[in-house]
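One file, my_file_2.pdb, is given below (PDB, C-alpha atoms, pLDDT in the B column).
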```pdb
MODEL        1
ATOM      1  CA  MET I   1       1.495 -42.425 -41.783  1.00 42.00           C
ATOM      2  CA  LYS I   2       1.990 -39.482 -44.148  1.00 53.00           C
ATOM      3  CA  GLU I   3       0.882 -39.989 -47.722  1.00 59.00           C
ATOM      4  CA  PHE I   4       3.406 -37.516 -49.115  1.00 74.00           C
ATOM      5  CA  PRO I   5       7.080 -37.003 -48.355  1.00 91.00           C
ATOM      6  CA  CYS I   6       8.246 -33.805 -46.664  1.00 96.00           C
ATOM      7  CA  GLN I   7       8.824 -30.958 -49.147  1.00 98.00           C
ATOM      8  CA  LEU I   8      10.890 -27.790 -49.331  1.00 98.00           C
ATOM      9  CA  TYR I   9       9.296 -24.377 -48.708  1.00 98.00           C
ATOM     10  CA  LEU I  10      11.579 -21.424 -49.505  1.00 98.00           C
ATOM     11  CA  ILE I  11      11.212 -18.051 -47.801  1.00 98.00           C
ATOM     12  CA  SER I  12      12.702 -14.996 -49.469  1.00 98.00           C
ATOM     13  CA  PRO I  13      15.368 -12.834 -47.895  1.00 97.00           C
ATOM     14  CA  LEU I  14      14.129  -9.351 -46.978  1.00 94.00           C
ATOM     15  CA  ASP I  15      16.073  -7.864 -49.907  1.00 96.00           C
ATOM     16  CA  VAL I  16      14.679  -9.290 -53.142  1.00 98.00           C
ATOM     17  CA  GLY I  17      16.099  -6.586 -55.427  1.00 95.00           C
ATOM     18  CA  GLY I  18      19.369  -6.636 -57.371  1.00 96.00           C
ATOM     19  CA  ASP I  19      20.293 -10.079 -58.662  1.00 97.00           C
ATOM     20  CA  PHE I  20      17.823 -11.936 -56.443  1.00 98.00           C
ATOM     21  CA  PRO I  21      15.715 -13.125 -59.423  1.00 98.00           C
ATOM     22  CA  VAL I  22      18.859 -14.882 -60.735  1.00 98.00           C
ATOM     23  CA  GLN I  23      19.347 -16.583 -57.348  1.00 98.00           C
ATOM     24  CA  LEU I  24      15.705 -17.661 -57.262  1.00 98.00           C
ATOM     25  CA  GLU I  25      15.942 -19.097 -60.783  1.00 98.00           C
ATOM     26  CA  ALA I  26      19.067 -21.045 -59.741  1.00 98.00           C
ATOM     27  CA  ALA I  27      17.374 -22.379 -56.590  1.00 98.00           C
ATOM     28  CA  LEU I  28      14.191 -23.491 -58.350  1.00 98.00           C
ATOM     29  CA  SER I  29      16.153 -25.073 -61.204  1.00 98.00           C
ATOM     30  CA  ALA I  30      18.168 -27.221 -58.775  1.00 98.00           C
ATOM     31  CA  GLY I  31      15.394 -29.515 -57.596  1.00 97.00           C
ATOM     32  CA  PRO I  32      11.809 -29.766 -56.344  1.00 97.00           C
ATOM     33  CA  VAL I  33      10.469 -26.844 -54.291  1.00 98.00           C
ATOM     34  CA  ALA I  34       6.834 -26.810 -53.181  1.00 98.00           C
ATOM     35  CA  ALA I  35       6.416 -23.122 -52.414  1.00 98.00           C
ATOM     36  CA  PHE I  36       8.161 -19.759 -52.272  1.00 99.00           C
ATOM     37  CA  GLN I  37       7.108 -17.150 -49.741  1.00 98.00           C
ATOM     38  CA  PHE I  38       7.561 -13.504 -50.724  1.00 98.00           C
ATOM     39  CA  ARG I  39       8.506 -11.834 -47.439  1.00 97.00           C
ATOM     40  CA  VAL I  40       9.392  -8.140 -47.569  1.00 96.00           C
ATOM     41  CA  LYS I  41       8.883  -5.583 -44.812  1.00 92.00           C
ATOM     42  CA  GLU I  42       8.183  -1.861 -44.704  1.00 91.00           C
ATOM     43  CA  LEU I  43       7.562  -1.381 -48.411  1.00 94.00           C
ATOM     44  CA  ASP I  44       4.423   0.178 -49.791  1.00 94.00           C
ATOM     45  CA  GLN I  45       2.190  -2.141 -51.774  1.00 95.00           C
ATOM     46  CA  HIS I  46       3.124  -0.678 -55.154  1.00 96.00           C
ATOM     47  CA  GLU I  47       6.861  -1.141 -54.524  1.00 97.00           C
ATOM     48  CA  ALA I  48       6.298  -4.657 -53.169  1.00 98.00           C
ATOM     49  CA  ALA I  49       4.195  -5.573 -56.216  1.00 98.00           C
ATOM     50  CA  THR I  50       6.911  -4.313 -58.590  1.00 98.00           C
ATOM     51  CA  LEU I  51       9.518  -6.503 -56.844  1.00 98.00           C
ATOM     52  CA  ALA I  52       7.158  -9.474 -56.711  1.00 98.00           C
ATOM     53  CA  GLU I  53       6.238  -9.646 -60.391  1.00 97.00           C
ATOM     54  CA  PRO I  54       9.464 -11.125 -61.826  1.00 98.00           C
ATOM     55  CA  LEU I  55       9.716 -13.555 -58.898  1.00 98.00           C
ATOM     56  CA  GLN I  56       6.127 -14.647 -59.381  1.00 98.00           C
ATOM     57  CA  ALA I  57       6.843 -15.342 -63.055  1.00 98.00           C
ATOM     58  CA  ILE I  58       9.885 -17.492 -62.144  1.00 98.00           C
ATOM     59  CA  CYS I  59       7.782 -19.469 -59.649  1.00 98.00           C
ATOM     60  CA  ALA I  60       5.024 -19.992 -62.234  1.00 98.00           C
ATOM     61  CA  ALA I  61       7.560 -21.271 -64.773  1.00 98.00           C
ATOM     62  CA  HIS I  62       8.758 -23.875 -62.236  1.00 98.00           C
ATOM     63  CA  ASP I  63       5.273 -24.763 -60.970  1.00 98.00           C
ATOM     64  CA  VAL I  64       6.135 -23.467 -57.486  1.00 98.00           C
ATOM     65  CA  ALA I  65       3.363 -21.905 -55.380  1.00 98.00           C
ATOM     66  CA  PHE I  66       3.905 -18.161 -54.831  1.00 99.00           C
ATOM     67  CA  ILE I  67       2.814 -17.216 -51.288  1.00 98.00           C
ATOM     68  CA  VAL I  68       2.708 -13.640 -49.972  1.00 98.00           C
ATOM     69  CA  ASN I  69       3.710 -13.070 -46.347  1.00 97.00           C
ATOM     70  CA  ASP I  70       1.421 -11.041 -44.058  1.00 94.00           C
ATOM     71  CA  SER I  71      -0.599  -9.079 -46.609  1.00 96.00           C
ATOM     72  CA  VAL I  72      -3.932 -10.424 -47.854  1.00 97.00           C
ATOM     73  CA  ALA I  73      -4.336  -7.204 -49.875  1.00 96.00           C
ATOM     74  CA  LEU I  74      -1.029  -7.732 -51.701  1.00 97.00           C
ATOM     75  CA  ALA I  75      -1.812 -11.409 -52.282  1.00 98.00           C
ATOM     76  CA  ARG I  76      -5.111 -10.389 -53.843  1.00 98.00           C
ATOM     77  CA  ARG I  77      -3.516  -7.657 -55.965  1.00 98.00           C
ATOM     78  CA  LEU I  78      -0.920 -10.093 -57.321  1.00 98.00           C
ATOM     79  CA  LYS I  79      -3.407 -12.958 -57.717  1.00 98.00           C
ATOM     80  CA  ALA I  80      -0.843 -14.935 -55.717  1.00 98.00           C
ATOM     81  CA  ASP I  81      -1.319 -18.625 -54.989  1.00 98.00           C
ATOM     82  CA  GLY I  82      -1.816 -17.825 -51.332  1.00 98.00           C
ATOM     83  CA  VAL I  83      -0.975 -15.874 -48.211  1.00 98.00           C
ATOM     84  CA  HIS I  84       0.873 -16.689 -45.017  1.00 98.00           C
ATOM     85  CA  MET I  85      -0.594 -14.987 -41.964  1.00 98.00           C
ATOM     86  CA  GLY I  86       0.931 -14.281 -38.576  1.00 96.00           C
ATOM     87  CA  GLN I  87      -1.224 -14.283 -35.457  1.00 94.00           C
ATOM     88  CA  GLY I  88      -1.846 -10.534 -35.885  1.00 91.00           C
ATOM     89  CA  ASP I  89      -2.510 -10.487 -39.629  1.00 90.00           C
ATOM     90  CA  GLY I  90      -6.264 -10.861 -39.636  1.00 91.00           C
ATOM     91  CA  ASP I  91      -8.859 -13.571 -39.881  1.00 95.00           C
ATOM     92  CA  VAL I  92      -8.510 -16.738 -41.963  1.00 98.00           C
ATOM     93  CA  ARG I  93     -12.206 -16.710 -42.909  1.00 97.00           C
ATOM     94  CA  GLU I  94     -11.992 -13.113 -44.172  1.00 97.00           C
ATOM     95  CA  ALA I  95      -8.818 -13.950 -46.117  1.00 98.00           C
ATOM     96  CA  ARG I  96     -10.622 -16.905 -47.703  1.00 98.00           C
ATOM     97  CA  GLU I  97     -13.511 -14.655 -48.717  1.00 97.00           C
ATOM     98  CA  LEU I  98     -11.144 -12.175 -50.360  1.00 97.00           C
ATOM     99  CA  LEU I  99      -8.783 -14.675 -51.998  1.00 98.00           C
ATOM    100  CA  GLY I 100     -11.176 -17.445 -52.994  1.00 97.00           C
ATOM    101  CA  ARG I 101     -11.405 -21.113 -52.241  1.00 95.00           C
ATOM    102  CA  ASP I 102      -8.330 -22.122 -54.250  1.00 97.00           C
ATOM    103  CA  ALA I 103      -5.924 -19.871 -52.332  1.00 98.00           C
ATOM    104  CA  GLN I 104      -3.418 -21.540 -50.026  1.00 98.00           C
ATOM    105  CA  ILE I 105      -3.738 -19.939 -46.585  1.00 98.00           C
ATOM    106  CA  GLY I 106      -1.114 -20.665 -43.947  1.00 98.00           C
ATOM    107  CA  VAL I 107      -0.959 -19.484 -40.347  1.00 98.00           C
ATOM    108  CA  THR I 108       1.953 -19.090 -37.920  1.00 97.00           C
ATOM    109  CA  CYS I 109       1.121 -21.028 -34.746  1.00 98.00           C
ATOM    110  CA  HIS I 110       4.439 -20.821 -32.828  1.00 96.00           C
ATOM    111  CA  ASN I 111       4.511 -23.881 -30.537  1.00 97.00           C
ATOM    112  CA  SER I 112       0.763 -24.070 -29.929  1.00 97.00           C
ATOM    113  CA  ARG I 113      -1.398 -26.945 -31.109  1.00 97.00           C
ATOM    114  CA  HIS I 114      -4.357 -24.949 -29.747  1.00 97.00           C
ATOM    115  CA  LEU I 115      -3.648 -22.033 -32.137  1.00 97.00           C
ATOM    116  CA  ALA I 116      -3.102 -24.566 -34.924  1.00 98.00           C
ATOM    117  CA  MET I 117      -6.474 -26.230 -34.254  1.00 97.00           C
ATOM    118  CA  GLU I 118      -8.185 -22.824 -34.315  1.00 97.00           C
ATOM    119  CA  ALA I 119      -6.494 -21.997 -37.632  1.00 98.00           C
ATOM    120  CA  ALA I 120      -7.448 -25.371 -39.114  1.00 97.00           C
ATOM    121  CA  GLU I 121     -11.062 -25.006 -37.981  1.00 97.00           C
ATOM    122  CA  ALA I 122     -11.175 -21.547 -39.594  1.00 97.00           C
ATOM    123  CA  GLY I 123     -10.100 -23.151 -42.879  1.00 97.00           C
ATOM    124  CA  ALA I 124      -6.302 -22.750 -43.017  1.00 98.00           C
ATOM    125  CA  ASP I 125      -4.635 -25.013 -45.577  1.00 98.00           C
ATOM    126  CA  TYR I 126      -1.501 -25.427 -43.456  1.00 98.00           C
ATOM    127  CA  VAL I 127      -0.097 -24.359 -40.096  1.00 98.00           C
ATOM    128  CA  ALA I 128       3.488 -23.394 -39.287  1.00 98.00           C
ATOM    129  CA  PHE I 129       5.317 -24.263 -36.073  1.00 98.00           C
ATOM    130  CA  GLY I 130       8.594 -22.630 -34.983  1.00 97.00           C
ATOM    131  CA  ALA I 131      11.168 -21.461 -34.370  1.00 96.00           C
ATOM    132  CA  PHE I 132      12.889 -24.802 -33.914  1.00 96.00           C
ATOM    133  CA  PHE I 133      16.410 -23.367 -33.910  1.00 95.00           C
ATOM    134  CA  PRO I 134      17.983 -19.932 -33.415  1.00 88.00           C
ATOM    135  CA  THR I 135      17.546 -17.884 -36.577  1.00 79.00           C
ATOM    136  CA  ALA I 136      19.164 -14.778 -38.024  1.00 72.00           C
ATOM    137  CA  THR I 137      16.021 -13.898 -39.982  1.00 68.00           C
ATOM    138  CA  LYS I 138      13.928 -12.638 -37.079  1.00 69.00           C
ATOM    139  CA  THR I 139      13.874 -12.315 -33.296  1.00 73.00           C
ATOM    140  CA  VAL I 140      12.822 -15.625 -31.787  1.00 73.00           C
ATOM    141  CA  GLU I 141      10.049 -15.118 -29.258  1.00 79.00           C
ATOM    142  CA  HIS I 142       8.652 -18.651 -29.453  1.00 84.00           C
ATOM    143  CA  VAL I 143      10.660 -21.863 -29.417  1.00 88.00           C
ATOM    144  CA  ALA I 144       8.935 -24.934 -30.819  1.00 94.00           C
ATOM    145  CA  GLU I 145       9.470 -28.567 -29.839  1.00 94.00           C
ATOM    146  CA  LEU I 146       9.624 -31.767 -31.888  1.00 96.00           C
ATOM    147  CA  ASP I 147       6.812 -33.112 -29.750  1.00 96.00           C
ATOM    148  CA  THR I 148       4.462 -30.470 -31.213  1.00 97.00           C
ATOM    149  CA  LEU I 149       5.116 -31.733 -34.752  1.00 96.00           C
ATOM    150  CA  GLN I 150       4.740 -35.370 -33.740  1.00 95.00           C
ATOM    151  CA  LYS I 151       1.442 -34.872 -31.929  1.00 96.00           C
ATOM    152  CA  TRP I 152       0.039 -32.645 -34.689  1.00 97.00           C
ATOM    153  CA  SER I 153       0.754 -35.177 -37.418  1.00 91.00           C
ATOM    154  CA  PHE I 154      -0.946 -37.901 -35.341  1.00 91.00           C
ATOM    155  CA  VAL I 155      -4.192 -36.014 -34.757  1.00 90.00           C
ATOM    156  CA  THR I 156      -4.889 -34.196 -38.015  1.00 93.00           C
ATOM    157  CA  GLU I 157      -4.494 -34.303 -41.787  1.00 93.00           C
ATOM    158  CA  VAL I 158      -3.832 -30.534 -41.993  1.00 97.00           C
ATOM    159  CA  PRO I 159      -0.232 -30.156 -43.201  1.00 97.00           C
ATOM    160  CA  CYS I 160       2.359 -28.521 -40.958  1.00 98.00           C
ATOM    161  CA  VAL I 161       5.431 -26.487 -41.806  1.00 98.00           C
ATOM    162  CA  ALA I 162       8.514 -26.436 -39.575  1.00 98.00           C
ATOM    163  CA  ILE I 163      10.325 -23.096 -39.576  1.00 97.00           C
ATOM    164  CA  GLY I 164      13.161 -21.278 -37.847  1.00 96.00           C
ATOM    165  CA  GLY I 165      16.921 -21.666 -38.268  1.00 96.00           C
ATOM    166  CA  ILE I 166      16.629 -24.877 -40.302  1.00 97.00           C
ATOM    167  CA  THR I 167      19.719 -26.059 -42.189  1.00 97.00           C
ATOM    168  CA  SER I 168      20.524 -29.269 -44.049  1.00 97.00           C
ATOM    169  CA  ASP I 169      22.523 -30.309 -40.945  1.00 96.00           C
ATOM    170  CA  ASN I 170      19.678 -29.993 -38.420  1.00 97.00           C
ATOM    171  CA  ALA I 171      16.559 -30.707 -40.532  1.00 98.00           C
ATOM    172  CA  LYS I 172      16.418 -34.508 -40.264  1.00 97.00           C
ATOM    173  CA  PRO I 173      14.763 -34.716 -36.801  1.00 97.00           C
ATOM    174  CA  LEU I 174      12.007 -32.353 -38.029  1.00 97.00           C
ATOM    175  CA  ILE I 175      11.389 -34.489 -41.115  1.00 97.00           C
ATOM    176  CA  ASP I 176      11.312 -37.637 -38.965  1.00 96.00           C
ATOM    177  CA  ALA I 177       8.912 -35.965 -36.503  1.00 96.00           C
ATOM    178  CA  GLY I 178       6.309 -35.536 -39.240  1.00 95.00           C
ATOM    179  CA  ALA I 179       6.812 -32.075 -40.768  1.00 97.00           C
ATOM    180  CA  ASP I 180       5.085 -31.915 -44.161  1.00 97.00           C
ATOM    181  CA  PHE I 181       7.258 -28.980 -45.226  1.00 98.00           C
ATOM    182  CA  ILE I 182      10.501 -27.485 -43.976  1.00 98.00           C
ATOM    183  CA  ALA I 183      10.712 -23.732 -44.458  1.00 98.00           C
ATOM    184  CA  VAL I 184      14.187 -22.371 -45.076  1.00 98.00           C
ATOM    185  CA  SER I 185      15.627 -18.963 -45.845  1.00 97.00           C
ATOM    186  CA  SER I 186      19.206 -18.080 -44.781  1.00 96.00           C
ATOM    187  CA  ALA I 187      20.421 -21.670 -45.242  1.00 97.00           C
ATOM    188  CA  VAL I 188      19.610 -21.365 -48.950  1.00 98.00           C
ATOM    189  CA  TRP I 189      20.328 -17.742 -49.829  1.00 98.00           C
ATOM    190  CA  ASN I 190      23.544 -17.536 -47.757  1.00 97.00           C
ATOM    191  CA  HIS I 191      24.878 -20.978 -48.669  1.00 97.00           C
ATOM    192  CA  PRO I 192      28.633 -20.719 -49.390  1.00 97.00           C
ATOM    193  CA  GLN I 193      28.228 -22.657 -52.664  1.00 98.00           C
ATOM    194  CA  GLY I 194      25.089 -20.754 -53.675  1.00 98.00           C
ATOM    195  CA  PRO I 195      21.350 -21.438 -53.505  1.00 98.00           C
ATOM    196  CA  ALA I 196      21.326 -24.260 -56.076  1.00 98.00           C
ATOM    197  CA  GLU I 197      23.722 -26.361 -53.980  1.00 98.00           C
ATOM    198  CA  ALA I 198      21.625 -25.657 -50.880  1.00 98.00           C
ATOM    199  CA  VAL I 199      18.432 -26.854 -52.584  1.00 98.00           C
ATOM    200  CA  LYS I 200      20.237 -30.013 -53.735  1.00 98.00           C
ATOM    201  CA  ALA I 201      21.444 -30.680 -50.178  1.00 98.00           C
ATOM    202  CA  PHE I 202      17.933 -30.291 -48.738  1.00 98.00           C
ATOM    203  CA  ASN I 203      16.363 -32.452 -51.433  1.00 97.00           C
ATOM    204  CA  ALA I 204      18.942 -35.200 -50.811  1.00 97.00           C
ATOM    205  CA  LEU I 205      17.665 -35.273 -47.211  1.00 96.00           C
ATOM    206  CA  LEU I 206      14.012 -35.245 -48.262  1.00 95.00           C
ATOM    207  CA  ALA I 207      14.333 -37.985 -50.879  1.00 88.00           C
TER     208      ALA I 207
ENDMDL
END
```
What does this structure look like when you write it as C-alpha cells?
Amino acid sequence: MKEFPCQLYLISPLDVGGDFPVQLEAALSAGPVAAFQFRVKELDQHEAATLAEPLQAICAAHDVAFIVNDSVALARRLKADGVHMGQGDGDVREARELLGRDAQIGVTCHNSRHLAMEAAEAGADYVAFGAFFPTATKTVEHVAELDTLQKWSFVTEVPCVAIGGITSDNAKPLIDAGADFIAVSSAVWNHPQGPAEAVKAFNALLA
C-alpha cells in the first residue's frame, strides 16, 4: 500500500517564452503540484537558462520542485532541484556526483522494469514509465502497460511516474494501478478553459 497519494507532475510545453510564465503561475496557483519539468529542445544553454529563471522563481514561490529535462549541465548551472534523464542522457551516478545528494534524479524507463531496476540501483529518485496513451508532445516509440506500474509498485519503494498522453479523462486507471505521479503537458497547457482549470480537474481525481 502506498503511503502517499498520487501527485501531479507538470511538464512544460516546448515554447516557454511569451506569456508562459503567466500560465505557469495560474497552473501552480490552482492546486497542489509536486514538480515542474523544464523541457526545451535545441536551445543553447545560455538561452535556456534565461528562459528558465523566471519559471524557476515561480516554482520556488509555490514550493514546486523545478526539474530540468535531459541536461545535467543546465540543472547544475541553474541549481535546479533535479534532472530528468532519458536513456541516452548519461549516467545516474555521474549526475549524482555533479548535482549532489539532495538533487532529484529521474530516469525514463519506457515499459521496462529491468531498466527501472537498473536506474534505481544506480541511485535514481524516481523512474518514469510511458507512453501510456498517444501523445502530441513527442513521437511514441514505446507503449507502456498498466501491468508495469502495478508490478513496480508491488516490488519496490522507488516512486514511479506515468507519462504520455494523460488527460483527466484517462488518468484514473494509472492512479489505481499505483502511479506515484502522473506527468501531464498538453492536457494542462492546451486545456480549453486554461491551465488553472486543468490542474483543478486533475487534483479532483487525485484527491
I'd like to know which of I:Asp180, I:Asp125, I:Asp70, I:Asp19 is closest to Leu149 (chain I), using only C-alpha atoms. I:Asp180
Residues within 12 Å of Thr50 (chain I), please, as a ChimeraX atom specification. Count all atoms listed in the file; anything in the same chain fewer than 6 positions from it doesn't count. /I:16-17,40,43-44,56-57,74,77-78
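Nearest-residue note for Trp152 (chain I): choosing from I:Ala120, I:Ala136, I:Ala49, I:Ala61, the minimum distance belongs to I:Ala120, counting only C-alpha atoms.
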Name the residues that the PyMOL selection byres ((chain I and resi 66) around 6) picks from the file above, as a PyMOL selection string, using the file's chain letters and numbers. chain I and resi 36+65+67+80-81
With a distance cut-off of 7 Å and only C-alpha atoms, select the neighbouring residues of Val64 (chain I), excluding the residue or stretch itself and same-chain residues fewer than 2 positions from it, and output the selection as a list in words. Val33, Ala34, Ala35, Phe36, Cys59, Ala60, His62 and Phe66 of chain I
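Nearest to Leu99 (chain I) of all the residues I:Ser71, I:Thr167, I:Ile58, I:Gln87 is I:Ser71, counting all atoms listed in the file.
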Please, what distance in Å, to one decimal, runs between CA of Thr139 (chain I) and CA of Gly164 (chain I)? 10.1 Å
Residues at most 12 Å from Val155 (chain I), counting only C-alpha atoms, excluding those fewer than 3 positions away in the same chain, as a list in words? Met1, Lys2, Arg113, Ala116, Met117, Ala120, Thr148, Leu149, Gln150, Lys151, Trp152, Val158, Pro159, Cys160 and Gly178 of chain I
Can you write out the residues you just picked, keeping C-alpha atoms, as an mmCIF file, in the coordinates of the input?
```cif
data_model
loop_
_atom_site.group_PDB
_atom_site.id
_atom_site.type_symbol
_atom_site.label_atom_id
_atom_site.label_comp_id
_atom_site.auth_asym_id
_atom_site.auth_seq_id
_atom_site.Cartn_x
_atom_site.Cartn_y
_atom_site.Cartn_z
ATOM 1 C CA MET I 1 1.495 -42.425 -41.783
ATOM 2 C CA LYS I 2 1.990 -39.482 -44.148
ATOM 3 C CA ARG I 113 -1.398 -26.945 -31.109
ATOM 4 C CA ALA I 116 -3.102 -24.566 -34.924
ATOM 5 C CA MET I 117 -6.474 -26.230 -34.254
ATOM 6 C CA ALA I 120 -7.448 -25.371 -39.114
ATOM 7 C CA THR I 148 4.462 -30.470 -31.213
ATOM 8 C CA LEU I 149 5.116 -31.733 -34.752
ATOM 9 C CA GLN I 150 4.740 -35.370 -33.740
ATOM 10 C CA LYS I 151 1.442 -34.872 -31.929
ATOM 11 C CA TRP I 152 0.039 -32.645 -34.689
ATOM 12 C CA VAL I 158 -3.832 -30.534 -41.993
ATOM 13 C CA PRO I 159 -0.232 -30.156 -43.201
ATOM 14 C CA CYS I 160 2.359 -28.521 -40.958
ATOM 15 C CA GLY I 178 6.309 -35.536 -39.240
#
```
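Residues matching the PyMOL selection byres ((chain I and resi 24) around 9) in this structure come to Ser12, Asp19, Phe20, Pro21, Val22, Gln23, Glu25, Ala26, Ala27, Leu28, Ser29, Leu55, Ile58, Cys59, Trp189, Pro195 and Ala196 of chain I.
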Mind writing the picked residues with C-alpha atoms as a PDB file, keeping the file's coordinate frame?
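Ended up saving to out-v8.pdb:
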```
ATOM      1  CA  SER I  12      12.702 -14.996 -49.469  1.00 98.00           C
ATOM      2  CA  ASP I  19      20.293 -10.079 -58.662  1.00 97.00           C
ATOM      3  CA  PHE I  20      17.823 -11.936 -56.443  1.00 98.00           C
ATOM      4  CA  PRO I  21      15.715 -13.125 -59.423  1.00 98.00           C
ATOM      5  CA  VAL I  22      18.859 -14.882 -60.735  1.00 98.00           C
ATOM      6  CA  GLN I  23      19.347 -16.583 -57.348  1.00 98.00           C
ATOM      7  CA  GLU I  25      15.942 -19.097 -60.783  1.00 98.00           C
ATOM      8  CA  ALA I  26      19.067 -21.045 -59.741  1.00 98.00           C
ATOM      9  CA  ALA I  27      17.374 -22.379 -56.590  1.00 98.00           C
ATOM     10  CA  LEU I  28      14.191 -23.491 -58.350  1.00 98.00           C
ATOM     11  CA  SER I  29      16.153 -25.073 -61.204  1.00 98.00           C
ATOM     12  CA  LEU I  55       9.716 -13.555 -58.898  1.00 98.00           C
ATOM     13  CA  ILE I  58       9.885 -17.492 -62.144  1.00 98.00           C
ATOM     14  CA  CYS I  59       7.782 -19.469 -59.649  1.00 98.00           C
ATOM     15  CA  TRP I 189      20.328 -17.742 -49.829  1.00 98.00           C
ATOM     16  CA  PRO I 195      21.350 -21.438 -53.505  1.00 98.00           C
ATOM     17  CA  ALA I 196      21.326 -24.260 -56.076  1.00 98.00           C
TER      18      ALA I 196
END
```
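All residues of protein, DNA or RNA that reach within 9 Å of Thr135 (chain I), judged by all atoms listed in the file and not counting those fewer than 5 positions away in the chain, are I:Val140, I:Gly164, I:Gly165, I:Ile166, I:Ser186.
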If we count only C-alpha atoms, what is near Gly82 (chain I) at a cut-off of 9 Å, once residues fewer than 3 positions away on the same chain are taken out, given as a PDB file with C-alpha atoms, in the frame of the given file?
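The new file out24.pdb reads:
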```
ATOM      1  CA  ALA I  65       3.363 -21.905 -55.380  1.00 98.00           C
ATOM      2  CA  PHE I  66       3.905 -18.161 -54.831  1.00 99.00           C
ATOM      3  CA  ILE I  67       2.814 -17.216 -51.288  1.00 98.00           C
ATOM      4  CA  VAL I  68       2.708 -13.640 -49.972  1.00 98.00           C
ATOM      5  CA  ASN I  69       3.710 -13.070 -46.347  1.00 97.00           C
ATOM      6  CA  VAL I  72      -3.932 -10.424 -47.854  1.00 97.00           C
ATOM      7  CA  ALA I  75      -1.812 -11.409 -52.282  1.00 98.00           C
ATOM      8  CA  ARG I  76      -5.111 -10.389 -53.843  1.00 98.00           C
ATOM      9  CA  LYS I  79      -3.407 -12.958 -57.717  1.00 98.00           C
ATOM     10  CA  LEU I  99      -8.783 -14.675 -51.998  1.00 98.00           C
ATOM     11  CA  ASP I 102      -8.330 -22.122 -54.250  1.00 97.00           C
ATOM     12  CA  ALA I 103      -5.924 -19.871 -52.332  1.00 98.00           C
ATOM     13  CA  GLN I 104      -3.418 -21.540 -50.026  1.00 98.00           C
ATOM     14  CA  ILE I 105      -3.738 -19.939 -46.585  1.00 98.00           C
ATOM     15  CA  GLY I 106      -1.114 -20.665 -43.947  1.00 98.00           C
TER      16      GLY I 106
END
```
List the residues sitting within 6 Å of (12.3, -21.1, -43.6) in the file's frame, using all atoms listed in the file, as a list in words. Leu10, Ile11, Ile163, Gly164, Ala183, Val184 and Ser185 of chain I
Measuring atom to atom with only C-alpha atoms, identify which of I:Gln45, I:Asn170, I:Gln7, I:Asn203 is nearest to Phe133 (chain I). I:Asn170
Using all atoms listed in the file, the best pick from I:Ala207, I:Ala128, I:Ala52, I:Val188 as closest to Met85 (chain I) would be I:Ala128
Two-atom distance - CA of Ile182 (chain I), CA of Leu14 (chain I) (Å): 18.7 Å
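One distance worth recording is that between CA of Lys172 (chain I) and CA of Asp147 (chain I), which is 14.3 Å.
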Please rebuild region 89-101 of chain I with N, CA and C atoms and return the result as a compact mmCIF listing (two decimals), in the frame of the given file.
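The new file out-v6.txt reads:
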```txt
# COMPACT_ATOMS: atom_id res chain seq x y z
N ASP I 89 -2.29 -10.93 -38.24
CA ASP I 89 -2.51 -10.49 -39.63
C ASP I 89 -3.94 -10.65 -40.13
N GLY I 90 -4.87 -10.80 -39.20
CA GLY I 90 -6.26 -10.86 -39.64
C GLY I 90 -6.85 -12.26 -39.51
N ASP I 91 -8.03 -12.39 -40.08
CA ASP I 91 -8.86 -13.57 -39.88
C ASP I 91 -8.81 -14.49 -41.11
N VAL I 92 -8.61 -15.78 -40.87
CA VAL I 92 -8.51 -16.74 -41.96
C VAL I 92 -9.78 -16.74 -42.81
N ARG I 93 -10.94 -16.66 -42.16
CA ARG I 93 -12.21 -16.71 -42.91
C ARG I 93 -12.34 -15.50 -43.84
N GLU I 94 -11.94 -14.33 -43.33
CA GLU I 94 -11.99 -13.11 -44.17
C GLU I 94 -11.01 -13.24 -45.34
N ALA I 95 -9.82 -13.77 -45.05
CA ALA I 95 -8.82 -13.95 -46.12
C ALA I 95 -9.38 -14.89 -47.19
N ARG I 96 -10.05 -15.94 -46.75
CA ARG I 96 -10.62 -16.90 -47.70
C ARG I 96 -11.66 -16.22 -48.58
N GLU I 97 -12.47 -15.36 -47.96
CA GLU I 97 -13.51 -14.66 -48.72
C GLU I 97 -12.89 -13.77 -49.80
N LEU I 98 -11.79 -13.10 -49.42
CA LEU I 98 -11.14 -12.18 -50.36
C LEU I 98 -10.35 -12.90 -51.44
N LEU I 99 -9.72 -14.02 -51.08
CA LEU I 99 -8.78 -14.68 -52.00
C LEU I 99 -9.39 -15.85 -52.76
N GLY I 100 -10.52 -16.35 -52.28
CA GLY I 100 -11.18 -17.44 -52.99
C GLY I 100 -10.80 -18.81 -52.45
N ARG I 101 -11.56 -19.80 -52.86
CA ARG I 101 -11.40 -21.11 -52.24
C ARG I 101 -10.15 -21.84 -52.67
```
